[in-house]
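I have placed the structure first, in the form of structure tokens, so that the comments after it can refer back to it.
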Amino acid sequence: MLMRTDPFREFDRLTQQLLGTTGTWSRPSAVPMDAYRQGDEYVIALDLPGVSPDAIDIDVERNMLTVKAERRPPAKADDVQMELSERPLGVFSRQLVLADTLDTEHISADYEAGVLTLRIPIAERAKPRKIAIGDRPGRKQITG
């Protein structure tokens, strides 16, 4: 139901980790995620620790889902001297192509403990249904 849009995304993520670079709006860092089906919906969980909910942007255009977030450095007093800085800052993004069988009109989003959880219902037309023999719309049945 979901398709990866960029096969080189993992290489970019590894390069950014090795070089210690941060994401920018034109070249954001990857967001780690899990995606699974639970009952009649798809669930996507994205790791965004330390990101304020108002710094998260979720967009759906046709069947393209885009999540962008920015982790900003904390405000520091003038007398603070940084000894170690390993937590990545900058812009993070993830794009997913959603199948036509998903209902993009009813996506819900929750953010708790640094995890953004999106729930996408499966469209009614994609759910399995029974077909009765002889039940064709517009077909007249002859009796008698």
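Starting from 1 in every chain, residues are counted up; chains themselves are A, B, ... following the order of the structure tokens, and ligands are numbered from 1 as listed.
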
As a PyMOL selection string, list the residues of range 11-136 of chain A assigned to strand (DSSP E) by DSSP on the backbone atoms of this structure. chain A and resi 29-30+33-38+41-47+56-61+64-71+90-98+108-112+115-121

Write out as a short mmCIF file (atom, residue, chain, number, x, y, z; two decimals) with C-alpha atoms, in the first residue's frame each polymer residue whose atoms come within 7 Å of Ile58 in chain A, counting only C-alpha atoms; drop sequence neighbours fewer than 2 positions from it.
```cif
data_model
loop_
_atom_site.label_atom_id
_atom_site.label_comp_id
_atom_site.auth_asym_id
_atom_site.auth_seq_id
_atom_site.Cartn_x
_atom_site.Cartn_y
_atom_site.Cartn_z
CA ILE A 56 5.63 19.70 12.14
CA THR A 66 4.73 14.65 2.97
CA VAL A 67 5.85 15.13 6.57
CA LYS A 68 8.37 17.91 7.32
#
```

Using only C-alpha atoms, which residues sit within 12 Å of range 69-84 of chain A once same-chain residues fewer than 6 positions away are excluded, as a PDB file with C-alpha atoms, in the first residue's frame?
```
ATOM      1  CA  THR A  22      22.139  18.813   9.218  1.00  0.00           C
ATOM      2  CA  GLY A  23      19.097  18.961   7.008  1.00  0.00           C
ATOM      3  CA  THR A  24      17.963  22.135   5.295  1.00  0.00           C
ATOM      4  CA  TRP A  25      14.597  23.008   3.730  1.00  0.00           C
ATOM      5  CA  PRO A  28      16.148  17.688   4.507  1.00  0.00           C
ATOM      6  CA  SER A  29      17.394  14.730   6.528  1.00  0.00           C
ATOM      7  CA  ALA A  30      15.410  11.481   6.516  1.00  0.00           C
ATOM      8  CA  VAL A  31      12.869  10.688   9.223  1.00  0.00           C
ATOM      9  CA  LEU A  46       7.651   8.653  12.522  1.00  0.00           C
ATOM     10  CA  ASP A  47      10.393   9.424  15.058  1.00  0.00           C
ATOM     11  CA  LEU A  48      10.639  13.162  15.724  1.00  0.00           C
ATOM     12  CA  PRO A  49      12.090  13.468  19.241  1.00  0.00           C
ATOM     13  CA  GLY A  50      12.659  16.986  20.497  1.00  0.00           C
ATOM     14  CA  VAL A  51      10.480  18.549  17.792  1.00  0.00           C
ATOM     15  CA  SER A  52       7.728  20.909  18.882  1.00  0.00           C
ATOM     16  CA  PRO A  53       4.289  19.972  17.471  1.00  0.00           C
ATOM     17  CA  ASP A  54       3.993  23.424  15.868  1.00  0.00           C
ATOM     18  CA  ALA A  55       7.211  22.712  13.895  1.00  0.00           C
ATOM     19  CA  ILE A  56       5.632  19.699  12.142  1.00  0.00           C
ATOM     20  CA  ASP A  57       3.980  20.108   8.737  1.00  0.00           C
ATOM     21  CA  ILE A  58       1.826  17.293   7.289  1.00  0.00           C
ATOM     22  CA  ASP A  59       0.630  17.581   3.697  1.00  0.00           C
ATOM     23  CA  GLY A  90      17.769  21.023  11.189  1.00  0.00           C
ATOM     24  CA  VAL A  91      14.996  19.952   8.857  1.00  0.00           C
ATOM     25  CA  PHE A  92      13.677  16.406   8.561  1.00  0.00           C
ATOM     26  CA  SER A  93      11.305  15.089   5.915  1.00  0.00           C
ATOM     27  CA  ARG A  94       9.618  11.975   4.608  1.00  0.00           C
ATOM     28  CA  GLY A 114       8.394  12.324  20.168  1.00  0.00           C
ATOM     29  CA  VAL A 115       6.496   9.963  17.848  1.00  0.00           C
ATOM     30  CA  LEU A 116       4.145  11.263  15.155  1.00  0.00           C
TER      31      LEU A 116
END
```

Could you name the residues that touch Gly39 in chain A at 12 Å or less, counting only C-alpha atoms, but leaving out those on the same chain fewer than 6 positions away, as a PyMOL selection string? chain A and resi 119-122+127

If you keep N, CA, C and O atoms, can you produce a file of those selected residues as a compact mmCIF listing (two decimals), in the first residue's frame?
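Everything below was put into out-v5.txt:
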```txt
# COMPACT_ATOMS: atom_id res chain seq x y z
N ARG A 119 -2.73 7.76 11.02
CA ARG A 119 -3.63 6.63 10.77
C ARG A 119 -4.42 6.93 9.51
O ARG A 119 -5.08 7.96 9.42
N ILE A 120 -4.31 6.02 8.52
CA ILE A 120 -4.95 6.22 7.23
C ILE A 120 -5.92 5.07 7.00
O ILE A 120 -5.50 3.92 6.83
N PRO A 121 -7.23 5.36 6.98
CA PRO A 121 -8.20 4.28 6.77
C PRO A 121 -8.13 3.71 5.36
O PRO A 121 -7.80 4.41 4.40
N ILE A 122 -8.45 2.45 5.25
CA ILE A 122 -8.55 1.80 3.95
C ILE A 122 -9.91 2.20 3.36
O ILE A 122 -10.93 2.16 4.05
N LYS A 127 -12.11 -2.61 0.39
CA LYS A 127 -12.37 -3.69 1.35
C LYS A 127 -13.01 -4.87 0.65
O LYS A 127 -13.80 -4.70 -0.28
```

For a quick check of understanding, using only C-alpha atoms, which of A:Asp110, A:Met64, A:Met33, A:Asp40 has the smallest distance to Ala123 in chain A?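 Ranked by minimum distance to Ala123 in chain A, first place goes to A:Asp40.
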
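Here the question is which of A:Ala45, A:Leu65, A:Ile133, A:Leu98 gets nearest to Pro32 in chain A using only C-alpha atoms, and that residue is A:Ala45.
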
To one decimal in Å, tell me the separation between CA of Pro128 in chain A and CA of Leu96 in chain A.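 Those two atoms sit 24.4 Å apart.
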